[in-house]
Amino acid sequence: MTLLAFEAQTDIEHQILKAQAGALSGDALLRRMADADLYIPSTGEVQTDGSGFKPVLVDQDGLPFVVVFSAMSRQPKDMAGYMMQMNGRQFFLRLPAGYGVMINPGYDAQMLVPPHGMAAFKEDLARPVARTSDPG
């Protein structure tokens with residue numbers, strides 16, 4: 001399968017290219033993705049309350065992955081009829097146990113985060129961030 005060339009369209013996509021070039025770690029990239037908007041294809045019509053959402057799942061080596069894109073324009077037209085835009089942190093924290101994430105499938109900058117990697121990342125995201133006091 002020929003992968004599509006990936007030209008950054010959003011800030012997070014510039015970060016993806018930095019990680020691909022080795023200038024940003026995978027962990028740092030996932031943290032930045034948690035602060036970005038993600039686009040999740042759905043085979044069902046998504047209502048304002050989130051009902052009807054049916055993510056596109058892909059099996060990779062016997063493991064289930066939820067398909068996610070870093071820009072709305074990345075989703076192939078024949079993949080799903082609907083798309084849900086969601087903050088990355090909210091998406092990652094709501095992802096059920098046992099699922100990985102496939103980011104930008106079909107592009108030369110695609111990423112796979114296996115289920116065990118997502119579990120560890122979700123634990124990390126759920127931890128409270130230590131705040132420093134401002135002496136000023």
# chains A, B, ... in the order shown; residues from 1 in each chain; ligands from 1
$ residues_around --residues "segment 1-17 of chain A" --least-positions-apart "4" --cutoff "8 Å" --atoms "only C-alpha atoms" --output "ChimeraX atom specification"
/A:21,24,29,32-33,36,70-71,106-109
$ write_last_selection --atoms "C-alpha atoms" --output "PDB file, in the first residue's frame"
ATOM      1  CA  ALA A  21      12.474  13.610  12.527  1.00  0.00           C
ATOM      2  CA  LEU A  24      10.522  15.230  19.842  1.00  0.00           C
ATOM      3  CA  LEU A  29       4.114  14.099  21.224  1.00  0.00           C
ATOM      4  CA  ARG A  32       0.872  17.552  23.027  1.00  0.00           C
ATOM      5  CA  MET A  33      -1.820  15.545  21.261  1.00  0.00           C
ATOM      6  CA  ALA A  36      -4.947  19.313  20.621  1.00  0.00           C
ATOM      7  CA  SER A  70      -4.980  15.138  13.421  1.00  0.00           C
ATOM      8  CA  ALA A  71      -6.894  17.276  10.905  1.00  0.00           C
ATOM      9  CA  GLY A 106      -2.711   5.884   5.269  1.00  0.00           C
ATOM     10  CA  TYR A 107      -0.193   8.703   5.637  1.00  0.00           C
ATOM     11  CA  ASP A 108       3.566   8.410   5.837  1.00  0.00           C
ATOM     12  CA  ALA A 109       3.337  10.067   9.259  1.00  0.00           C
TER      13      ALA A 109
END
$ residues_around --residues "segment 47-53 of chain A" --least-positions-apart "3" --cutoff "9 Å" --atoms "only C-alpha atoms" --output "PyMOL selection string"
chain A and resi 41-44+82-84
$ select_by_dssp --residues "chain A" --states "helix (DSSP H, G or I)" --output "PyMOL selection string"
chain A and resi 11-20+26-34+72-74+88-94+115-126
$ write_last_selection --atoms "C-alpha atoms" --output "short mmCIF file (atom, residue, chain, number, x, y, z; two decimals), in the first residue's frame"
data_model
loop_
_atom_site.label_atom_id
_atom_site.label_comp_id
_atom_site.auth_asym_id
_atom_site.auth_seq_id
_atom_site.Cartn_x
_atom_site.Cartn_y
_atom_site.Cartn_z
CA ASP A 11 0.15 22.92 14.89
CA ILE A 12 -0.09 19.34 16.16
CA GLU A 13 0.87 18.08 12.72
CA HIS A 14 4.05 20.17 12.86
CA GLN A 15 4.74 18.39 16.17
CA ILE A 16 4.14 15.01 14.49
CA LEU A 17 6.76 15.87 11.87
CA LYS A 18 9.21 16.94 14.62
CA ALA A 19 8.72 13.58 16.32
CA GLN A 20 9.16 11.75 13.01
CA GLY A 26 6.86 9.91 21.32
CA ASP A 27 5.80 10.57 24.92
CA ALA A 28 6.12 14.33 24.44
CA LEU A 29 4.11 14.10 21.22
CA LEU A 30 1.28 12.19 22.94
CA ARG A 31 1.18 14.85 25.67
CA ARG A 32 0.87 17.55 23.03
CA MET A 33 -1.82 15.55 21.26
CA ALA A 34 -3.74 15.50 24.55
CA MET A 72 -10.46 17.01 9.64
CA SER A 73 -9.34 16.91 6.01
CA ARG A 74 -7.28 13.72 6.54
CA GLY A 88 -7.28 14.80 22.79
CA ARG A 89 -7.19 14.50 26.59
CA GLN A 90 -10.92 13.80 26.73
CA PHE A 91 -10.65 11.26 23.92
CA PHE A 92 -7.70 9.42 25.47
CA LEU A 93 -9.27 9.31 28.95
CA ARG A 94 -12.57 7.99 27.54
CA PRO A 115 -3.41 -0.88 23.87
CA HIS A 116 -0.75 -1.36 26.58
CA GLY A 117 0.83 1.97 25.60
CA MET A 118 -2.53 3.73 25.79
CA ALA A 119 -3.19 2.19 29.22
CA ALA A 120 0.10 3.58 30.56
CA PHE A 121 -0.50 6.97 28.93
CA LYS A 122 -4.04 7.19 30.37
CA GLU A 123 -2.66 6.50 33.85
CA ASP A 124 -0.15 9.27 33.32
CA LEU A 125 -2.84 11.69 32.09
CA ALA A 126 -5.10 10.94 35.05
#
$ select_by_dssp --residues "chain A" --states "strand (DSSP E)" --output "PyMOL selection string"
chain A and resi 37-42+57-60+63-68+82-87+100-103+111-113
$ closest_residue --among "A:Gly98, A:Glu45, A:Ser25, A:Gln85" --to "Phe69 of chain A" --atoms "only C-alpha atoms"
A:Gln85
$ closest_residue --among "A:Pro114, A:Pro76, A:Val67, A:Pro105" --to "Tyr39 of chain A" --atoms "only C-alpha atoms"
A:Val67
$ atom_distance --atom1 "atom CA of Gly62 of chain A" --atom2 "atom CA of Met79 of chain A"
20.5 Å
$ closest_residue --among "A:Gln75, A:Gly81, A:Val46, A:Arg127" --to "Asn104 of chain A" --atoms "only C-alpha atoms"
A:Gln75
$ closest_residue --among "A:Leu63, A:Ala97, A:Val56, A:Asp78" --to "Leu112 of chain A" --atoms "only C-alpha atoms"
A:Leu63
$ atom_distance --atom1 "atom CA of Tyr99 of chain A" --atom2 "atom CA of Ala23 of chain A"
27.5 Å
$ residues_around --residues "Phe65 of chain A" --least-positions-apart "2" --cutoff "6 Å" --atoms "only C-alpha atoms" --output "NGL selection string"
:A and (57-58 or 99-102)
$ write_last_selection --atoms "N, CA and C atoms" --output "PDB file, in the first residue's frame"
ATOM      1  N   LEU A  57     -12.873   1.016  13.735  1.00  0.00           N
ATOM      2  CA  LEU A  57     -11.873   0.153  14.372  1.00  0.00           C
ATOM      3  C   LEU A  57     -11.081  -0.586  13.309  1.00  0.00           C
ATOM      4  N   VAL A  58      -9.797  -0.736  13.574  1.00  0.00           N
ATOM      5  CA  VAL A  58      -8.903  -1.461  12.682  1.00  0.00           C
ATOM      6  C   VAL A  58      -8.186  -2.519  13.510  1.00  0.00           C
ATOM      7  N   TYR A  99      -7.978  -0.983  23.967  1.00  0.00           N
ATOM      8  CA  TYR A  99      -7.914  -0.406  22.628  1.00  0.00           C
ATOM      9  C   TYR A  99      -6.658   0.438  22.469  1.00  0.00           C
ATOM     10  N   GLY A 100      -6.079   0.353  21.282  1.00  0.00           N
ATOM     11  CA  GLY A 100      -4.981   1.233  20.916  1.00  0.00           C
ATOM     12  C   GLY A 100      -5.532   2.344  20.029  1.00  0.00           C
ATOM     13  N   VAL A 101      -4.624   3.214  19.588  1.00  0.00           N
ATOM     14  CA  VAL A 101      -5.010   4.325  18.731  1.00  0.00           C
ATOM     15  C   VAL A 101      -4.134   4.312  17.482  1.00  0.00           C
ATOM     16  N   MET A 102      -4.765   4.434  16.325  1.00  0.00           N
ATOM     17  CA  MET A 102      -4.073   4.538  15.049  1.00  0.00           C
ATOM     18  C   MET A 102      -4.296   5.969  14.558  1.00  0.00           C
TER      19      MET A 102
END
$ atom_distance --atom1 "atom CA of Asn87 of chain A" --atom2 "atom CA of Val68 of chain A"
11.7 Å
$ decode --residues "segment 1-135 of chain A" --atoms "C-alpha atoms" --output "PDB file, in the first residue's frame"
ATOM      1  CA  MET A   1       0.000   0.000   0.000  1.00  0.00           C
ATOM      2  CA  THR A   2       1.339   3.411  -0.942  1.00  0.00           C
ATOM      3  CA  LEU A   3       1.197   5.922   1.886  1.00  0.00           C
ATOM      4  CA  LEU A   4       0.070   9.486   1.232  1.00  0.00           C
ATOM      5  CA  ALA A   5       2.569  12.297   1.723  1.00  0.00           C
ATOM      6  CA  PHE A   6       2.015  14.196   4.945  1.00  0.00           C
ATOM      7  CA  GLU A   7       2.246  17.983   4.869  1.00  0.00           C
ATOM      8  CA  ALA A   8       1.425  19.661   8.178  1.00  0.00           C
ATOM      9  CA  GLN A   9      -1.892  21.535   8.243  1.00  0.00           C
ATOM     10  CA  THR A  10      -2.166  22.183  11.983  1.00  0.00           C
ATOM     11  CA  ASP A  11       0.147  22.917  14.886  1.00  0.00           C
ATOM     12  CA  ILE A  12      -0.086  19.343  16.165  1.00  0.00           C
ATOM     13  CA  GLU A  13       0.865  18.083  12.723  1.00  0.00           C
ATOM     14  CA  HIS A  14       4.046  20.169  12.859  1.00  0.00           C
ATOM     15  CA  GLN A  15       4.738  18.392  16.169  1.00  0.00           C
ATOM     16  CA  ILE A  16       4.144  15.009  14.495  1.00  0.00           C
ATOM     17  CA  LEU A  17       6.762  15.866  11.870  1.00  0.00           C
ATOM     18  CA  LYS A  18       9.212  16.936  14.617  1.00  0.00           C
ATOM     19  CA  ALA A  19       8.719  13.576  16.316  1.00  0.00           C
ATOM     20  CA  GLN A  20       9.165  11.755  13.015  1.00  0.00           C
ATOM     21  CA  ALA A  21      12.474  13.610  12.527  1.00  0.00           C
ATOM     22  CA  GLY A  22      13.598  12.610  16.046  1.00  0.00           C
ATOM     23  CA  ALA A  23      13.396  16.150  17.481  1.00  0.00           C
ATOM     24  CA  LEU A  24      10.522  15.230  19.842  1.00  0.00           C
ATOM     25  CA  SER A  25       9.951  12.032  21.818  1.00  0.00           C
ATOM     26  CA  GLY A  26       6.856   9.905  21.323  1.00  0.00           C
ATOM     27  CA  ASP A  27       5.797  10.572  24.924  1.00  0.00           C
ATOM     28  CA  ALA A  28       6.118  14.329  24.442  1.00  0.00           C
ATOM     29  CA  LEU A  29       4.114  14.099  21.224  1.00  0.00           C
ATOM     30  CA  LEU A  30       1.283  12.195  22.938  1.00  0.00           C
ATOM     31  CA  ARG A  31       1.182  14.850  25.673  1.00  0.00           C
ATOM     32  CA  ARG A  32       0.872  17.552  23.027  1.00  0.00           C
ATOM     33  CA  MET A  33      -1.820  15.545  21.261  1.00  0.00           C
ATOM     34  CA  ALA A  34      -3.739  15.500  24.546  1.00  0.00           C
ATOM     35  CA  ASP A  35      -3.916  19.303  24.300  1.00  0.00           C
ATOM     36  CA  ALA A  36      -4.947  19.313  20.621  1.00  0.00           C
ATOM     37  CA  ASP A  37      -8.233  18.697  18.856  1.00  0.00           C
ATOM     38  CA  LEU A  38      -8.516  15.248  17.315  1.00  0.00           C
ATOM     39  CA  TYR A  39     -10.937  14.039  14.661  1.00  0.00           C
ATOM     40  CA  ILE A  40     -12.470  10.604  15.113  1.00  0.00           C
ATOM     41  CA  PRO A  41     -14.404   9.024  12.224  1.00  0.00           C
ATOM     42  CA  SER A  42     -17.761   7.508  13.132  1.00  0.00           C
ATOM     43  CA  THR A  43     -19.954   5.121  11.175  1.00  0.00           C
ATOM     44  CA  GLY A  44     -22.969   6.403  13.135  1.00  0.00           C
ATOM     45  CA  GLU A  45     -24.371   9.911  13.218  1.00  0.00           C
ATOM     46  CA  VAL A  46     -22.962  11.654  16.284  1.00  0.00           C
ATOM     47  CA  GLN A  47     -25.483  13.656  18.304  1.00  0.00           C
ATOM     48  CA  THR A  48     -24.579  16.720  20.385  1.00  0.00           C
ATOM     49  CA  ASP A  49     -24.581  14.546  23.532  1.00  0.00           C
ATOM     50  CA  GLY A  50     -22.147  12.068  21.892  1.00  0.00           C
ATOM     51  CA  SER A  51     -24.733   9.351  21.367  1.00  0.00           C
ATOM     52  CA  GLY A  52     -24.622   7.553  18.049  1.00  0.00           C
ATOM     53  CA  PHE A  53     -20.825   7.615  18.012  1.00  0.00           C
ATOM     54  CA  LYS A  54     -19.431   4.420  16.474  1.00  0.00           C
ATOM     55  CA  PRO A  55     -15.681   4.738  15.939  1.00  0.00           C
ATOM     56  CA  VAL A  56     -13.873   3.110  13.042  1.00  0.00           C
ATOM     57  CA  LEU A  57     -11.873   0.153  14.372  1.00  0.00           C
ATOM     58  CA  VAL A  58      -8.903  -1.461  12.682  1.00  0.00           C
ATOM     59  CA  ASP A  59      -7.374  -4.810  13.629  1.00  0.00           C
ATOM     60  CA  GLN A  60      -3.566  -4.789  13.625  1.00  0.00           C
ATOM     61  CA  ASP A  61      -1.830  -8.034  14.589  1.00  0.00           C
ATOM     62  CA  GLY A  62      -4.927  -9.148  16.497  1.00  0.00           C
ATOM     63  CA  LEU A  63      -5.204  -5.889  18.487  1.00  0.00           C
ATOM     64  CA  PRO A  64      -8.064  -3.362  18.116  1.00  0.00           C
ATOM     65  CA  PHE A  65      -7.197   0.237  17.240  1.00  0.00           C
ATOM     66  CA  VAL A  66      -9.493   3.272  17.088  1.00  0.00           C
ATOM     67  CA  VAL A  67      -8.783   5.428  14.022  1.00  0.00           C
ATOM     68  CA  VAL A  68      -8.022   9.105  14.743  1.00  0.00           C
ATOM     69  CA  PHE A  69      -6.908  11.990  12.548  1.00  0.00           C
ATOM     70  CA  SER A  70      -4.980  15.138  13.421  1.00  0.00           C
ATOM     71  CA  ALA A  71      -6.894  17.276  10.905  1.00  0.00           C
ATOM     72  CA  MET A  72     -10.461  17.012   9.640  1.00  0.00           C
ATOM     73  CA  SER A  73      -9.341  16.911   6.013  1.00  0.00           C
ATOM     74  CA  ARG A  74      -7.280  13.723   6.542  1.00  0.00           C
ATOM     75  CA  GLN A  75     -10.210  11.286   6.713  1.00  0.00           C
ATOM     76  CA  PRO A  76     -10.778   9.437   3.427  1.00  0.00           C
ATOM     77  CA  LYS A  77     -14.298  10.119   2.156  1.00  0.00           C
ATOM     78  CA  ASP A  78     -15.160   6.410   1.984  1.00  0.00           C
ATOM     79  CA  MET A  79     -14.025   5.604   5.546  1.00  0.00           C
ATOM     80  CA  ALA A  80     -17.061   6.796   7.507  1.00  0.00           C
ATOM     81  CA  GLY A  81     -19.990   9.113   7.010  1.00  0.00           C
ATOM     82  CA  TYR A  82     -19.449  11.137  10.167  1.00  0.00           C
ATOM     83  CA  MET A  83     -16.702  12.601  12.286  1.00  0.00           C
ATOM     84  CA  MET A  84     -16.462  13.736  15.881  1.00  0.00           C
ATOM     85  CA  GLN A  85     -14.089  16.510  16.921  1.00  0.00           C
ATOM     86  CA  MET A  86     -12.809  16.092  20.467  1.00  0.00           C
ATOM     87  CA  ASN A  87     -10.060  17.370  22.716  1.00  0.00           C
ATOM     88  CA  GLY A  88      -7.276  14.797  22.787  1.00  0.00           C
ATOM     89  CA  ARG A  89      -7.194  14.504  26.585  1.00  0.00           C
ATOM     90  CA  GLN A  90     -10.925  13.799  26.730  1.00  0.00           C
ATOM     91  CA  PHE A  91     -10.645  11.262  23.923  1.00  0.00           C
ATOM     92  CA  PHE A  92      -7.698   9.423  25.466  1.00  0.00           C
ATOM     93  CA  LEU A  93      -9.269   9.312  28.949  1.00  0.00           C
ATOM     94  CA  ARG A  94     -12.574   7.987  27.544  1.00  0.00           C
ATOM     95  CA  LEU A  95     -10.930   5.331  25.385  1.00  0.00           C
ATOM     96  CA  PRO A  96     -11.977   1.923  26.769  1.00  0.00           C
ATOM     97  CA  ALA A  97      -9.285  -0.383  28.131  1.00  0.00           C
ATOM     98  CA  GLY A  98      -7.901  -2.805  25.588  1.00  0.00           C
ATOM     99  CA  TYR A  99      -7.914  -0.406  22.628  1.00  0.00           C
ATOM    100  CA  GLY A 100      -4.981   1.233  20.916  1.00  0.00           C
ATOM    101  CA  VAL A 101      -5.010   4.325  18.731  1.00  0.00           C
ATOM    102  CA  MET A 102      -4.073   4.538  15.049  1.00  0.00           C
ATOM    103  CA  ILE A 103      -3.314   8.160  14.190  1.00  0.00           C
ATOM    104  CA  ASN A 104      -3.450   9.317  10.560  1.00  0.00           C
ATOM    105  CA  PRO A 105      -3.646   5.861   8.927  1.00  0.00           C
ATOM    106  CA  GLY A 106      -2.711   5.884   5.269  1.00  0.00           C
ATOM    107  CA  TYR A 107      -0.193   8.703   5.637  1.00  0.00           C
ATOM    108  CA  ASP A 108       3.566   8.410   5.837  1.00  0.00           C
ATOM    109  CA  ALA A 109       3.337  10.067   9.259  1.00  0.00           C
ATOM    110  CA  GLN A 110       0.908   7.521  10.719  1.00  0.00           C
ATOM    111  CA  MET A 111       1.393   6.418  14.316  1.00  0.00           C
ATOM    112  CA  LEU A 112       0.300   3.383  16.283  1.00  0.00           C
ATOM    113  CA  VAL A 113      -0.096   3.444  20.039  1.00  0.00           C
ATOM    114  CA  PRO A 114      -0.849  -0.126  21.150  1.00  0.00           C
ATOM    115  CA  PRO A 115      -3.411  -0.885  23.867  1.00  0.00           C
ATOM    116  CA  HIS A 116      -0.747  -1.356  26.579  1.00  0.00           C
ATOM    117  CA  GLY A 117       0.834   1.970  25.597  1.00  0.00           C
ATOM    118  CA  MET A 118      -2.534   3.726  25.793  1.00  0.00           C
ATOM    119  CA  ALA A 119      -3.187   2.194  29.220  1.00  0.00           C
ATOM    120  CA  ALA A 120       0.102   3.577  30.557  1.00  0.00           C
ATOM    121  CA  PHE A 121      -0.505   6.970  28.926  1.00  0.00           C
ATOM    122  CA  LYS A 122      -4.038   7.186  30.365  1.00  0.00           C
ATOM    123  CA  GLU A 123      -2.659   6.500  33.854  1.00  0.00           C
ATOM    124  CA  ASP A 124      -0.152   9.269  33.317  1.00  0.00           C
ATOM    125  CA  LEU A 125      -2.845  11.688  32.091  1.00  0.00           C
ATOM    126  CA  ALA A 126      -5.098  10.939  35.053  1.00  0.00           C
ATOM    127  CA  ARG A 127      -2.419  11.908  37.590  1.00  0.00           C
ATOM    128  CA  PRO A 128      -2.776  15.412  39.011  1.00  0.00           C
ATOM    129  CA  VAL A 129      -0.156  17.852  37.785  1.00  0.00           C
ATOM    130  CA  ALA A 130       2.044  19.306  40.502  1.00  0.00           C
ATOM    131  CA  ARG A 131       1.581  23.067  40.670  1.00  0.00           C
ATOM    132  CA  THR A 132       4.326  25.439  41.687  1.00  0.00           C
ATOM    133  CA  SER A 133       3.407  28.453  43.717  1.00  0.00           C
ATOM    134  CA  ASP A 134       4.108  31.863  42.295  1.00  0.00           C
ATOM    135  CA  PRO A 135       6.074  33.897  44.835  1.00  0.00           C
TER     136      PRO A 135
END
